[in-house]
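Enquirer: Following this message is one structure expressed as structure tokens.
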Amino acid sequence: MGRVSAAVLAGFVAAVLLVVPDNAKAVSLQSIGPSFDQPIFVTAPTGDPRLFVVERSGRIQVLHDGTVTQFLDIHGQTTTDGERGLLSMAFDPHYASNGLFYVFYTGTAAADGGHPGRGHVDEFHVGSNPNVANAASQRHVLTITRPSDGASNHNGGQLQFGKDGYLYISVGDGGTGGSTAPDPALLNGKLLRIDPHGVGNGAHSIPPTNPFAGSATARREIWGLGLRNPFRFSFDALTGDLIIGDVGDASREEIDFSPAAAGGGRGANYGWPSCEGFAGTCPGATAPVFDYPHSDPGGNVAHGCAIIGGYVYRGTQAPELAGRYLYADLCTSELRSIQLGIPLATGDRPESAPDALSSARSFGQDSACNLYVTNTDTVFRIVGSAASVAPACPPTRAKCTCKKGKKGKKCRKRKHKKRAAESKKKHKHKKCKKKHKHKKKR
Ligand SMILES: [Ca+2]
């Protein structure tokens with residue numbers, strides 16, 4: 001992993017793969033950096049112009065102003081056999097003030113008492129240099145045991161903070177056929193939701209509105225059940241809707257859509273292993289909104305072997321994708337998009353030619369809601385035919401929630417000072433700006 005200068009990087013950025021499928025507008029994939037070592041996720045803290053690239057081998061690189069530097073190295077703590085490795089990271093919604101972020105990786109046998117591949121959610125703090133994490137700040141938040149040491153697959157491994165401020169964690173069924181997935185006593189085959197903050201190894205807390213928060217027998221971290229390998233999931237940056245790409249077994253790949261307005265999938269059972277996609281019988285389960293087969297039915301119909309779940313597009317660089325959910329498949333190497341909806345998603349279409357996106361691994365989103373997709377060694381920015389001038393990414397900054405009257409006086413003063421400082425940094429938040437102006441007049 002070399003360090004590159006802005007000039008060298010400019011050469012990489014120039015490499016553009018332009019693809020125009022018959023029934024969709026042009027979308028190009030721009031390589032945005034040097035060669036990475038199995039880039040498996042891309043993200044950024046709120047309001048932060050940098051891009052953080054997670055490498056499956058156990059390192060996180062930060063890409064800023066054309067320069068790549070190493071943010072964190074835990075490669076000695078993870079193994080990369082099968083589907084294992086450092087699989088994702090998530091910045092605390094208050095990262096700018098608390099410096100906390102979280103990683104998901106599978107552990108080594110040595111670290112896990114002879115049981116390799118346990119899922120680990122660990123917390124770190126940024127160091128005094130904003131481009132370097134403080135490795136010594138590592139704190140274990142949650143360890144996920146596996147039903148069997150033999151299988152190295154179905155780890156899940158996605159971390160995302162929801163709009164509710166809680167950390168969501170996807171966990172695969174452990175590769176043993178799926179009996180773990182509906183079992184509320186196990187963390188495998190689940191989507192989890194926790195408050196990751198705490199002091200000391202293992203400390204985290206259970207949101208009181210978790211479906212099993214009061215249970216003495218179920219794992220209280222569980223948010224959703226019945227998943228096979230939810231390798232990637234995301235939240236719609238505008239609506240907070242939950243979208244899961246659940247990797248299927250031998251025949252179907254599925255997209256699960258749980259709108260925030262309908263509970264965000266709280267307590268939902270997504271049907272595995274009784275159902276795979278729409279196939280099977282699983283009464284009471286939450287059906288996917290879309291599935292596609294492994295066999296190629298011909299034409300421009302989705303097919304493949306393992307879904308790579310993406311994001312609903314809310315960026316400015318590809319307005320023709322606005323509001324559409326992007327996804328890919330490991331085998332067909334094609335970028336596709338679909339309009340999510342209940343009970344069914346509609347308008348599935350290719351956004352690239354087949355094989356244009358060789359061996360897609362993951363999507364990622366920057367702080368302006370622009371999207372990226374990775375393969376074995378490259379991070380691509382997804383760019384449309386024309387950039388939008390309108391800021392599509394919804395404001396994610398904290399709202400002005402000071403109490404009215406005397407009680408909120410101190411709070412308002414504090415906010416006023418903060419806003420004044422921030423306005424110099426070109427941060428814009430319409431509501432707060434209005435308040436700010438209003439206060440000035442008084
Ligand atoms: Ca399912």
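Each chain in the structure tokens gets a letter, A, B and so on, in the order shown; residues start at 1 in every chain, and ligands are counted from 1 in the order they appear.
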Within 6 Å of ligand 1, which residues of chain A show up? Give each one with its shortest atom-to-atom distance in Å (one decimal) and the two atoms involved, counting only C-alpha atoms and all ligand atoms, rows by chain then rising residue number, as JSON lines.
Expert:
{"residue": "A:Tyr270", "atom": "CA", "partner": "ligand 1", "partner_atom_place_in_ligand_line": "1 (Ca)", "distance": 4.3}
{"residue": "A:Gly271", "atom": "CA", "partner": "ligand 1", "partner_atom_place_in_ligand_line": "1 (Ca)", "distance": 4.4}
{"residue": "A:Trp272", "atom": "CA", "partner": "ligand 1", "partner_atom_place_in_ligand_line": "1 (Ca)", "distance": 5.1}
{"residue": "A:Cys275", "atom": "CA", "partner": "ligand 1", "partner_atom_place_in_ligand_line": "1 (Ca)", "distance": 5.9}
{"residue": "A:Glu276", "atom": "CA", "partner": "ligand 1", "partner_atom_place_in_ligand_line": "1 (Ca)", "distance": 5.4}
{"residue": "A:Gly277", "atom": "CA", "partner": "ligand 1", "partner_atom_place_in_ligand_line": "1 (Ca)", "distance": 5.1}
{"residue": "A:Pro288", "atom": "CA", "partner": "ligand 1", "partner_atom_place_in_ligand_line": "1 (Ca)", "distance": 5.9}
Enquirer: Apply DSSP to the structure's backbone, then extract all residues of stretch 52-190 of chain A labelled helix (DSSP H, G or I) and return them as a list in words.
Expert: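 So, restricting stretch 52-190 of chain A to helix (DSSP H, G or I), we get His75, Gly76, Gln77, Tyr95, Ala96, Ser97 and Asn98 of chain A.
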Enquirer: Output the selection as a PDB file, in the first residue's frame - C-alpha atoms for each residue.
Expert:
ATOM      1  CA  HIS A  75      -4.118  -6.843  10.482  1.00  0.00           C
ATOM      2  CA  GLY A  76      -2.489  -8.924  13.210  1.00  0.00           C
ATOM      3  CA  GLN A  77      -5.858  -9.336  14.908  1.00  0.00           C
ATOM      4  CA  TYR A  95     -17.363  11.728  15.844  1.00  0.00           C
ATOM      5  CA  ALA A  96     -16.460  15.394  15.352  1.00  0.00           C
ATOM      6  CA  SER A  97     -16.753  15.941  19.107  1.00  0.00           C
ATOM      7  CA  ASN A  98     -16.077  12.502  20.652  1.00  0.00           C
TER       8      ASN A  98
END
Enquirer: List as an NGL selection string the protein and nucleic acid residues near stretch 113-121 of chain A, meaning an atom at most 10 Å away when only C-alpha atoms are counted, but skip any in the same chain fewer than 5 places from it.
Expert: :A and (78-81 or 83-89 or 102-108 or 139-153 or 155-157 or 159 or 169 or 171-172 or 174 or 188 or 196 or 202)
Enquirer: Hey, can you spit out that residue selection with C-alpha atoms as a short mmCIF file (atom, residue, chain, number, x, y, z; two decimals), in the first residue's frame?
Expert:
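Wrote out00.cif, looks like this:
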data_model
loop_
_atom_site.label_atom_id
_atom_site.label_comp_id
_atom_site.auth_asym_id
_atom_site.auth_seq_id
_atom_site.Cartn_x
_atom_site.Cartn_y
_atom_site.Cartn_z
CA THR A 78 -7.81 -10.70 11.96
CA THR A 79 -7.54 -13.52 9.45
CA THR A 80 -8.64 -13.30 5.84
CA ASP A 81 -9.37 -16.91 4.95
CA GLU A 83 -15.01 -14.46 3.87
CA ARG A 84 -13.16 -13.28 6.96
CA GLY A 85 -11.28 -10.10 7.69
CA LEU A 86 -11.86 -6.51 8.71
CA LEU A 87 -15.29 -6.10 7.13
CA SER A 88 -16.51 -2.57 7.90
CA MET A 89 -16.36 0.45 10.15
CA TYR A 102 -16.25 1.21 15.52
CA VAL A 103 -14.90 -1.66 13.47
CA PHE A 104 -16.16 -5.17 12.69
CA TYR A 105 -13.60 -7.90 12.12
CA THR A 106 -13.29 -11.64 12.51
CA GLY A 107 -10.74 -12.63 15.13
CA THR A 108 -7.75 -14.95 15.11
CA ARG A 139 -12.05 -1.47 23.49
CA HIS A 140 -14.01 -4.65 22.81
CA VAL A 141 -17.71 -3.82 22.61
CA LEU A 142 -19.31 -7.07 21.51
CA THR A 143 -18.05 -10.54 20.59
CA ILE A 144 -20.18 -12.83 18.45
CA THR A 145 -19.52 -16.54 18.82
CA ARG A 146 -20.16 -18.94 15.94
CA PRO A 147 -22.16 -22.15 15.88
CA SER A 148 -19.17 -24.01 14.42
CA ASP A 149 -15.45 -23.35 14.11
CA GLY A 150 -15.36 -25.20 10.80
CA ALA A 151 -17.11 -22.72 8.53
CA SER A 152 -15.44 -19.41 7.73
CA ASN A 153 -18.38 -17.94 5.85
CA ASN A 155 -20.11 -13.51 9.01
CA GLY A 156 -22.30 -10.55 8.07
CA GLY A 157 -20.02 -7.76 9.16
CA LEU A 159 -21.85 -1.62 10.87
CA ILE A 169 -24.65 -4.72 13.26
CA VAL A 171 -24.42 -11.01 11.59
CA GLY A 172 -24.56 -14.02 9.27
CA GLY A 174 -22.48 -18.88 10.71
CA ASN A 188 -26.17 -15.38 14.43
CA PRO A 196 -22.05 0.88 21.83
CA GLY A 202 -17.75 -5.76 26.69
#
Enquirer: Residues within 10 Å of A:Gln339, please, as a VMD selection string. Count only C-alpha atoms; anything in the same chain fewer than 2 positions from it doesn't count.
Expert: chain A and resid 312 321 to 326 337 341 344 to 349
Enquirer: Restricting it to C-alpha atoms, dump the selection as a short mmCIF file (atom, residue, chain, number, x, y, z; two decimals), in the first residue's frame.
Expert:
data_model
loop_
_atom_site.label_atom_id
_atom_site.label_comp_id
_atom_site.auth_asym_id
_atom_site.auth_seq_id
_atom_site.Cartn_x
_atom_site.Cartn_y
_atom_site.Cartn_z
CA VAL A 312 -30.40 4.57 -2.02
CA LEU A 321 -30.03 7.67 -9.96
CA ALA A 322 -31.79 9.91 -7.41
CA GLY A 323 -33.90 7.88 -5.01
CA ARG A 324 -32.99 4.56 -6.60
CA TYR A 325 -31.34 1.71 -4.68
CA LEU A 326 -28.03 0.58 -6.14
CA SER A 337 -30.60 -0.11 -9.55
CA GLY A 341 -41.39 0.09 -2.48
CA LEU A 344 -42.58 -4.84 -4.07
CA ALA A 345 -39.68 -2.92 -5.57
CA THR A 346 -40.10 -1.96 -9.21
CA GLY A 347 -38.14 -0.90 -12.26
CA ASP A 348 -35.04 -3.02 -11.79
CA ARG A 349 -32.51 -2.06 -14.43
#
Enquirer: Give me, as number ranges by chain, all polymer residues having an atom no more than 7 Å from stretch 51-56 of chain A, counting only C-alpha atoms and skipping those fewer than 6 positions away in the same chain.
Expert: A: 37-44, 62-64, 85-88, 366
Enquirer: Calculate how many Å separate atom CA of A:Ala135 from atom CA of A:Val379, rounding to one decimal.
Expert: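 Computed distance, atom CA of A:Ala135 to atom CA of A:Val379, equals 24.9 Å.
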Enquirer: Of the residues A:Asn229, A:Gln70, A:Thr316, A:Asn210, which is the one nearest to A:Gly263, using only C-alpha atoms?
Expert: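 Of A:Asn229, A:Gln70, A:Thr316, A:Asn210, the one nearest A:Gly263 is A:Asn210, counting only C-alpha atoms.
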Enquirer: Could you list, as a ChimeraX atom specification, every residue within 6 Å of A:Leu371, counting only C-alpha atoms and ignoring same-chain residues fewer than 2 positions away?
Expert: /A:364-365,382
Enquirer: If we count only C-alpha atoms, what is near A:Arg228 at a cut-off of 7 Å, once residues fewer than 4 positions away on the same chain are taken out, given as a PyMOL selection string?
Expert: chain A and resi 172-173+178+181+189+246-248+272
Enquirer: Please dump the current selection as a PDB file, in the first residue's frame; keep N, CA and C atoms.
Expert:
ATOM      1  N   GLY A 172     -24.125 -12.882  10.072  1.00  0.00           N
ATOM      2  CA  GLY A 172     -24.564 -14.017   9.271  1.00  0.00           C
ATOM      3  C   GLY A 172     -24.918 -15.220  10.135  1.00  0.00           C
ATOM      4  N   ASP A 173     -25.500 -16.235   9.501  1.00  0.00           N
ATOM      5  CA  ASP A 173     -25.972 -17.395  10.277  1.00  0.00           C
ATOM      6  C   ASP A 173     -24.842 -18.332  10.705  1.00  0.00           C
ATOM      7  N   GLY A 178     -28.467 -22.496   8.699  1.00  0.00           N
ATOM      8  CA  GLY A 178     -29.472 -21.484   9.009  1.00  0.00           C
ATOM      9  C   GLY A 178     -30.317 -21.710  10.232  1.00  0.00           C
ATOM     10  N   ALA A 181     -30.601 -18.753  12.565  1.00  0.00           N
ATOM     11  CA  ALA A 181     -31.199 -17.471  12.171  1.00  0.00           C
ATOM     12  C   ALA A 181     -32.501 -17.109  12.889  1.00  0.00           C
ATOM     13  N   GLY A 189     -27.250 -14.820  12.337  1.00  0.00           N
ATOM     14  CA  GLY A 189     -28.379 -14.686  11.414  1.00  0.00           C
ATOM     15  C   GLY A 189     -29.313 -13.546  11.803  1.00  0.00           C
ATOM     16  N   ASP A 246     -29.557  -9.588   1.501  1.00  0.00           N
ATOM     17  CA  ASP A 246     -29.290 -10.867   2.177  1.00  0.00           C
ATOM     18  C   ASP A 246     -28.846 -11.896   1.143  1.00  0.00           C
ATOM     19  N   VAL A 247     -27.623 -12.360   1.302  1.00  0.00           N
ATOM     20  CA  VAL A 247     -27.055 -13.306   0.336  1.00  0.00           C
ATOM     21  C   VAL A 247     -27.761 -14.647   0.470  1.00  0.00           C
ATOM     22  N   GLY A 248     -28.212 -15.180  -0.678  1.00  0.00           N
ATOM     23  CA  GLY A 248     -28.980 -16.419  -0.671  1.00  0.00           C
ATOM     24  C   GLY A 248     -28.109 -17.662  -0.738  1.00  0.00           C
ATOM     25  N   TRP A 272     -35.381 -16.661   6.635  1.00  0.00           N
ATOM     26  CA  TRP A 272     -34.379 -17.715   6.476  1.00  0.00           C
ATOM     27  C   TRP A 272     -34.322 -18.578   7.743  1.00  0.00           C
TER      28      TRP A 272
END
Enquirer: Give me the stretch 291-398 of chain A side of the contact with stretch 27-33 of chain A, cut-off 9 Å, one line per residue showing its nearest atom pair and distance in Å at one decimal, counting only C-alpha atoms, sorted by chain and residue number, as a Markdown table.
Expert:
| residue | atom | partner | partner_atom | distance |
| --- | --- | --- | --- | --- |
| A:Ala318 | CA | A:Val27 | CA | 7.5 |
| A:Glu320 | CA | A:Val27 | CA | 8.9 |
| A:Glu351 | CA | A:Val27 | CA | 6.3 |
| A:Ser352 | CA | A:Val27 | CA | 6.8 |
| A:Ala356 | CA | A:Leu29 | CA | 8.9 |
| A:Leu357 | CA | A:Leu29 | CA | 8.4 |
| A:Tyr372 | CA | A:Leu29 | CA | 8.5 |
| A:Val373 | CA | A:Leu29 | CA | 8.3 |
| A:Thr378 | CA | A:Ser31 | CA | 6.5 |
| A:Val379 | CA | A:Ser31 | CA | 5.7 |
| A:Phe380 | CA | A:Ser31 | CA | 4.4 |
| A:Arg381 | CA | A:Gln30 | CA | 5.0 |
| A:Ile382 | CA | A:Leu29 | CA | 5.0 |
| A:Val383 | CA | A:Ser28 | CA | 5.2 |
| A:Gly384 | CA | A:Val27 | CA | 4.6 |
| A:Ser385 | CA | A:Val27 | CA | 6.4 |
Enquirer: I'd like to know which of A:Phe231, A:Phe290, A:Phe36, A:Phe71 is closest to A:Arg50, using only C-alpha atoms.
Expert: A:Phe71
